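Engineer: Next comes the structure file work16.tsv, holding TSV, C-alpha atoms.
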chain	number	residue	atom	x	y	z
A	1	MET	CA	129.41	21.71	14.62
A	2	ALA	CA	126.23	23.71	14.00
A	3	GLY	CA	123.72	21.80	11.89
A	4	GLN	CA	126.16	19.01	11.13
A	5	VAL	CA	125.72	16.90	14.22
A	6	SER	CA	124.18	13.52	13.61
A	7	PRO	CA	121.68	12.07	16.08
A	8	GLU	CA	124.27	9.49	17.04
A	9	GLN	CA	126.80	12.20	17.76
A	10	GLN	CA	124.26	14.13	19.79
A	11	GLN	CA	123.45	11.06	21.79
A	12	GLN	CA	127.14	10.44	22.33
A	13	LEU	CA	127.73	14.02	23.39
A	14	LEU	CA	124.91	13.87	25.88
A	15	GLN	CA	126.17	10.60	27.30
A	16	GLN	CA	129.61	12.10	27.67
A	17	VAL	CA	128.27	15.15	29.45
A	18	ARG	CA	126.25	12.95	31.78
A	19	SER	CA	129.13	10.71	32.70
A	20	GLU	CA	131.48	13.63	33.24
A	21	VAL	CA	128.99	15.39	35.48
A	22	GLN	CA	128.49	12.14	37.39
A	23	ALA	CA	132.23	11.52	37.68
A	24	GLN	CA	132.78	14.98	39.07
A	25	ALA	CA	129.96	14.63	41.57
A	26	LEU	CA	131.44	11.31	42.71
A	27	GLN	CA	134.88	12.85	43.03
A	28	GLU	CA	133.52	15.66	45.14
A	29	MET	CA	131.55	13.29	47.31
A	30	PHE	CA	134.65	11.15	47.85
A	31	THR	CA	136.69	14.19	48.86
A	32	LYS	CA	133.99	15.49	51.16
A	33	ILE	CA	133.41	12.18	52.91
A	34	SER	CA	137.15	11.68	53.38
A	35	GLU	CA	137.44	15.11	54.91
A	36	LYS	CA	134.42	14.79	57.18
A	37	CYS	CA	135.21	11.27	58.35
A	38	PHE	CA	138.86	12.03	58.93
A	39	VAL	CA	137.78	14.78	61.29
A	40	LYS	CA	135.19	12.57	63.02
A	41	CYS	CA	137.24	9.42	63.38
A	42	LEU	CA	140.92	10.37	63.65
A	43	SER	CA	141.14	12.80	66.50
A	44	LYS	CA	144.69	11.60	67.17
A	45	PRO	CA	146.24	10.00	64.04
A	46	GLY	CA	148.57	7.19	65.05
A	47	SER	CA	151.23	5.23	63.16
A	48	LYS	CA	148.51	3.33	61.28
A	49	LEU	CA	144.72	3.14	60.99
A	50	SER	CA	143.50	1.23	64.03
A	51	SER	CA	140.63	-1.22	63.72
A	52	SER	CA	138.39	1.06	65.74
A	53	GLU	CA	139.24	3.92	63.40
A	54	GLN	CA	138.39	1.73	60.43
A	55	LYS	CA	135.08	0.80	62.02
A	56	CYS	CA	134.36	4.44	62.69
A	57	LEU	CA	135.25	5.39	59.09
A	58	ALA	CA	132.95	2.73	57.64
A	59	MET	CA	130.02	3.87	59.77
A	60	CYS	CA	130.81	7.50	59.12
A	61	MET	CA	130.71	6.95	55.37
A	62	ASP	CA	127.37	5.16	55.57
A	63	ARG	CA	125.89	7.81	57.85
A	64	TYR	CA	127.08	10.56	55.53
A	65	MET	CA	125.21	8.92	52.67
A	66	ASP	CA	122.16	8.54	54.89
A	67	THR	CA	122.43	12.26	55.55
A	68	MET	CA	122.43	12.98	51.83
A	69	ASN	CA	119.33	10.84	51.47
A	70	VAL	CA	117.50	12.64	54.28
A	71	VAL	CA	118.44	16.00	52.75
A	72	SER	CA	117.24	15.06	49.28
A	73	GLN	CA	114.00	13.69	50.71
A	74	ALA	CA	113.42	16.96	52.54
A	75	MET	CA	114.10	18.86	49.33
A	76	VAL	CA	111.66	16.83	47.28
A	77	GLN	CA	108.96	17.13	49.93
A	78	ARG	CA	109.48	20.85	49.81
A	79	GLY	CA	109.37	20.81	46.02
A	80	GLN	CA	106.00	19.06	46.10
A	81	GLN	CA	104.47	21.50	48.56
A	82	GLN	CA	105.06	24.46	46.31
B	83	MET	CA	107.46	9.98	44.48
B	84	SER	CA	109.55	8.66	47.33
B	85	SER	CA	110.35	5.67	45.17
B	86	TRP	CA	112.69	7.95	43.24
B	87	PHE	CA	115.04	7.76	46.17
B	88	GLY	CA	115.89	4.14	45.72
B	89	GLY	CA	114.35	3.34	49.09
B	90	GLY	CA	115.18	6.49	50.98
B	91	SER	CA	117.42	5.73	53.92
B	92	SER	CA	117.90	2.17	52.76
B	93	SER	CA	120.55	0.52	54.86
B	94	SER	CA	120.98	-2.19	52.24
B	95	SER	CA	122.49	0.15	49.66
B	96	SER	CA	124.43	2.30	52.07
B	97	SER	CA	127.28	-0.12	52.48
B	98	ASP	CA	127.73	-0.47	48.73
B	99	TYR	CA	129.44	2.63	47.47
B	100	SER	CA	128.48	2.46	43.83
B	101	SER	CA	124.87	1.42	44.27
B	102	SER	CA	124.05	4.06	46.85
B	103	THR	CA	125.73	6.62	44.67
B	104	SER	CA	123.49	5.78	41.77
B	105	SER	CA	120.51	6.28	44.05
B	106	PHE	CA	121.61	9.90	44.42
B	107	ASP	CA	121.57	10.11	40.67
B	108	ASN	CA	117.94	9.01	40.71
B	109	THR	CA	117.28	11.53	43.41
B	110	GLY	CA	118.39	14.31	41.15
B	111	SER	CA	116.01	13.39	38.38
B	112	GLY	CA	113.24	12.82	40.90
B	113	PHE	CA	113.62	16.33	42.13
B	114	ASP	CA	113.60	17.60	38.56
B	115	SER	CA	110.31	15.97	37.73
B	116	GLY	CA	108.90	16.96	41.11
B	117	SER	CA	109.53	20.59	40.33
B	118	GLY	CA	107.64	20.41	37.08
B	119	PHE	CA	110.23	19.42	34.54
B	120	ASP	CA	109.22	17.21	31.70
B	121	SER	CA	110.50	13.89	32.92
B	122	SER	CA	109.83	12.21	29.58
B	123	SER	CA	112.61	14.20	27.96
B	124	SER	CA	115.14	13.08	30.53
B	125	ASN	CA	115.80	10.21	28.19
B	126	PHE	CA	117.05	12.06	25.19
B	127	ALA	CA	116.65	9.24	22.72
B	128	ALA	CA	113.05	8.68	23.78
B	129	SER	CA	112.16	12.33	23.56
B	130	PRO	CA	109.35	12.75	21.03
B	131	SER	CA	110.79	15.99	19.66
B	132	TYR	CA	114.01	14.23	18.93
B	133	GLY	CA	113.07	12.11	15.96
B	134	GLY	CA	110.97	14.86	14.36
B	135	GLY	CA	112.14	17.97	12.48
B	136	GLY	CA	115.46	18.51	10.79
B	137	ALA	CA	118.72	19.81	12.19
B	138	ALA	CA	117.06	22.76	13.92
B	139	GLY	CA	114.56	20.56	15.77
B	140	SER	CA	117.11	18.08	16.98
B	141	GLN	CA	119.43	20.84	18.09
B	142	ALA	CA	116.67	22.33	20.16
B	143	ALA	CA	116.16	18.91	21.70
B	144	LEU	CA	119.86	18.64	22.40
B	145	ARG	CA	119.91	22.04	24.01
B	146	GLN	CA	116.95	21.10	26.15
B	147	ALA	CA	118.59	17.87	27.21
B	148	LEU	CA	121.81	19.67	28.10
B	149	GLU	CA	119.91	22.26	30.09
B	150	GLN	CA	118.25	19.47	31.96
B	151	GLU	CA	121.63	17.93	32.72
B	152	GLN	CA	122.75	21.26	34.05
B	153	GLN	CA	119.64	21.54	36.17
B	154	ARG	CA	120.32	18.11	37.55
B	155	ALA	CA	123.89	19.10	38.37
B	156	VAL	CA	122.65	22.19	40.19
B	157	VAL	CA	120.28	20.09	42.29
B	158	GLN	CA	123.04	17.59	43.02
B	159	ALA	CA	125.38	20.36	44.09
B	160	ALA	CA	122.70	21.79	46.38
B	161	ILE	CA	122.18	18.38	47.97
B	162	ALA	CA	125.92	18.06	48.49
B	163	LYS	CA	126.21	21.49	50.04
B	164	LEU	CA	123.20	21.06	52.33
B	165	SER	CA	124.34	17.61	53.36
B	166	GLU	CA	127.68	19.00	54.44
B	167	MET	CA	126.13	21.82	56.45
B	168	CYS	CA	123.54	19.62	58.11
B	169	TRP	CA	126.08	16.90	58.81
B	170	ASP	CA	128.23	19.41	60.67
B	171	THR	CA	125.23	20.75	62.55
B	172	CYS	CA	123.38	17.55	63.36
B	173	VAL	CA	125.49	14.40	63.36
B	174	GLY	CA	127.61	13.37	66.33
B	175	ARG	CA	129.74	10.28	66.65
B	176	PRO	CA	128.96	7.92	63.72
B	177	ASP	CA	126.90	4.98	64.89
B	178	ALA	CA	125.20	1.95	63.39
B	179	LYS	CA	122.45	4.23	62.12
B	180	LEU	CA	121.30	7.82	62.26
B	181	SER	CA	119.33	8.40	65.43
B	182	SER	CA	115.81	9.73	65.03
B	183	SER	CA	116.82	13.03	66.56
B	184	GLU	CA	119.67	13.31	64.07
B	185	GLN	CA	117.26	12.58	61.23
B	186	THR	CA	114.83	15.21	62.48
B	187	CYS	CA	117.65	17.70	62.83
B	188	ILE	CA	118.84	17.02	59.27
B	189	SER	CA	115.33	17.41	57.83
B	190	ASN	CA	114.76	20.63	59.75
B	191	CYS	CA	118.18	21.89	58.78
B	192	ALA	CA	117.58	21.30	55.06
B	193	GLU	CA	114.07	22.74	55.10
B	194	ARG	CA	115.05	25.82	57.10
B	195	TYR	CA	117.93	26.44	54.71
B	196	LEU	CA	115.44	26.48	51.85
B	197	ASP	CA	113.26	28.88	53.88
B	198	VAL	CA	116.24	31.10	54.44
B	199	SER	CA	117.12	31.25	50.77
B	200	MET	CA	113.50	32.03	49.88
B	201	PHE	CA	113.44	34.75	52.51
B	202	ILE	CA	116.67	36.30	51.30
B	203	MET	CA	115.57	36.05	47.69
B	204	GLY	CA	112.28	37.74	48.56
B	205	ARG	CA	113.98	40.60	50.28
B	206	MET	CA	116.52	41.03	47.53
B	207	SER	CA	113.88	41.08	44.82
B	208	LYS	CA	112.06	43.84	46.70
B	209	GLY	CA	115.24	45.87	46.57
B	210	GLN	CA	115.46	45.83	50.36
B	211	GLY	CA	118.70	43.99	50.62
B	212	HIS	CA	120.50	47.09	51.86
B	213	GLN	CA	118.00	47.95	54.59
B	214	HIS	CA	117.73	46.63	58.11
Mind turning this structure into structure tokens?
Structural biologist:
Amino acid sequence: MAGQVSPEQQQQLLQQVRSEVQAQALQEMFTKISEKCFVKCLSKPGSKLSSSEQKCLAMCMDRYMDTMNVVSQAMVQRGQQQ
Amino acid sequence: MSSWFGGGSSSSSSSDYSSSTSSFDNTGSGFDSGSGFDSSSSNFAASPSYGGGGAAGSQAALRQALEQEQQRAVVQAAIAKLSEMCWDTCVGRPDAKLSSSEQTCISNCAERYLDVSMFIMGRMSKGQGHQH
């Protein structure tokens, strides 16, 4: 491909890389949140998800994302200090 | 700079999976530009070096843009890893919001982890990694 890549192709390639990186990050986040919230909310798995388990899972998911936000804020603050 | 976070701990976006996810995306690029990266080139098409020179110039621009994507992925992975560790350390039973003590714990946890990696890196670069 060296030298023969049109600007449109480059743009397309970059877009593709971006969306694949994003998709993978999303996939990993989904897996991680499922794992963490399963542990937090289903100490004794029953025959189906109870409503209290569902409530716990919903809050757990939101709090996990809050956690990610707090972490990234702390990282940026640190980045600015240096 | 905090505007890069899409409102920080915004409770409005947290219940919407896709919108709060895209705020993490913004976070990544915010961190990039905070650490001195050229934020103008984050949009490849708008990059000034892009339209210029011939094949060589545009390939350099492409390489730069790809490196930036990689950098962003590294930052995202670090956020994911730290979030997991600090979640395990700091967060108890999920509630309607993070308590202020949980938030403080998470901030401290993330910052101390960065301190630890700087400390380890410093020792390793001095060639003292094997000493006590």
Engineer: Compile a residue-level contact table for chain A against chain B at a cut-off of 8 Å, reporting for every qualifying residue the shortest atom pair and its distance in Å to one decimal, with only C-alpha atoms counted, rows ordered by chain and ascending number, as a Markdown table.
Structural biologist:
| residue | atom | partner | partner_atom | distance |
| --- | --- | --- | --- | --- |
| A:Gly3 | CA | B:Ala137 | CA | 5.4 |
| A:Gln4 | CA | B:Ala137 | CA | 7.6 |
| A:Val5 | CA | B:Ala137 | CA | 7.8 |
| A:Pro7 | CA | B:Ser140 | CA | 7.6 |
| A:Gln10 | CA | B:Leu144 | CA | 6.8 |
| A:Gln11 | CA | B:Ala127 | CA | 7.1 |
| A:Leu14 | CA | B:Leu148 | CA | 6.9 |
| A:Val17 | CA | B:Glu151 | CA | 7.9 |
| A:Arg18 | CA | B:Glu151 | CA | 6.9 |
| A:Val21 | CA | B:Ala155 | CA | 6.9 |
| A:Gln22 | CA | B:Asp107 | CA | 7.9 |
| A:Ala25 | CA | B:Gln158 | CA | 7.7 |
| A:Leu26 | CA | B:Thr103 | CA | 7.6 |
| A:Met29 | CA | B:Ala162 | CA | 7.5 |
| A:Lys32 | CA | B:Glu166 | CA | 7.9 |
| A:Lys40 | CA | B:Arg175 | CA | 6.9 |
| A:Cys56 | CA | B:Pro176 | CA | 6.5 |
| A:Met59 | CA | B:Pro176 | CA | 5.8 |
| A:Cys60 | CA | B:Pro176 | CA | 5.0 |
| A:Asp62 | CA | B:Ser96 | CA | 5.4 |
| A:Arg63 | CA | B:Leu180 | CA | 6.4 |
| A:Tyr64 | CA | B:Trp169 | CA | 7.2 |
| A:Met65 | CA | B:Ser96 | CA | 6.7 |
| A:Asp66 | CA | B:Ser91 | CA | 5.6 |
| A:Thr67 | CA | B:Ser165 | CA | 6.1 |
| A:Met68 | CA | B:Ser165 | CA | 5.2 |
| A:Asn69 | CA | B:Ser91 | CA | 6.0 |
| A:Val70 | CA | B:Ser189 | CA | 6.3 |
| A:Val71 | CA | B:Ala192 | CA | 5.8 |
| A:Ser72 | CA | B:Ile161 | CA | 6.1 |
| A:Gln73 | CA | B:Gly90 | CA | 7.3 |
| A:Ala74 | CA | B:Ser189 | CA | 5.6 |
| A:Met75 | CA | B:Glu193 | CA | 7.0 |
| A:Val76 | CA | B:Phe113 | CA | 5.5 |
| A:Arg78 | CA | B:Glu193 | CA | 7.3 |
| A:Gly79 | CA | B:Ser117 | CA | 5.7 |
| A:Gln80 | CA | B:Gly116 | CA | 6.1 |
Engineer: Export C-alpha atoms of the chosen residues as a CSV table (one decimal), keeping the file's coordinate frame?
Structural biologist:
chain,number,residue,atom,x,y,z
A,3,GLY,CA,123.7,21.8,11.9
A,4,GLN,CA,126.2,19.0,11.1
A,5,VAL,CA,125.7,16.9,14.2
A,7,PRO,CA,121.7,12.1,16.1
A,10,GLN,CA,124.3,14.1,19.8
A,11,GLN,CA,123.4,11.1,21.8
A,14,LEU,CA,124.9,13.9,25.9
A,17,VAL,CA,128.3,15.2,29.4
A,18,ARG,CA,126.2,13.0,31.8
A,21,VAL,CA,129.0,15.4,35.5
A,22,GLN,CA,128.5,12.1,37.4
A,25,ALA,CA,130.0,14.6,41.6
A,26,LEU,CA,131.4,11.3,42.7
A,29,MET,CA,131.6,13.3,47.3
A,32,LYS,CA,134.0,15.5,51.2
A,40,LYS,CA,135.2,12.6,63.0
A,56,CYS,CA,134.4,4.4,62.7
A,59,MET,CA,130.0,3.9,59.8
A,60,CYS,CA,130.8,7.5,59.1
A,62,ASP,CA,127.4,5.2,55.6
A,63,ARG,CA,125.9,7.8,57.8
A,64,TYR,CA,127.1,10.6,55.5
A,65,MET,CA,125.2,8.9,52.7
A,66,ASP,CA,122.2,8.5,54.9
A,67,THR,CA,122.4,12.3,55.6
A,68,MET,CA,122.4,13.0,51.8
A,69,ASN,CA,119.3,10.8,51.5
A,70,VAL,CA,117.5,12.6,54.3
A,71,VAL,CA,118.4,16.0,52.8
A,72,SER,CA,117.2,15.1,49.3
A,73,GLN,CA,114.0,13.7,50.7
A,74,ALA,CA,113.4,17.0,52.5
A,75,MET,CA,114.1,18.9,49.3
A,76,VAL,CA,111.7,16.8,47.3
A,78,ARG,CA,109.5,20.8,49.8
A,79,GLY,CA,109.4,20.8,46.0
A,80,GLN,CA,106.0,19.1,46.1
Engineer: Closest to Ser34 in chain A among A:Glu20, A:Ser6, A:Met61, A:Gln77, using only C-alpha atoms?
Structural biologist: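 Selected residue with least distance to Ser34 in chain A: A:Met61.
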Engineer: Expressed in Å to a single decimal, how great is the separation between CA of Glu53 in chain A and CA of Thr31 in chain A?
Structural biologist: 18.0 Å
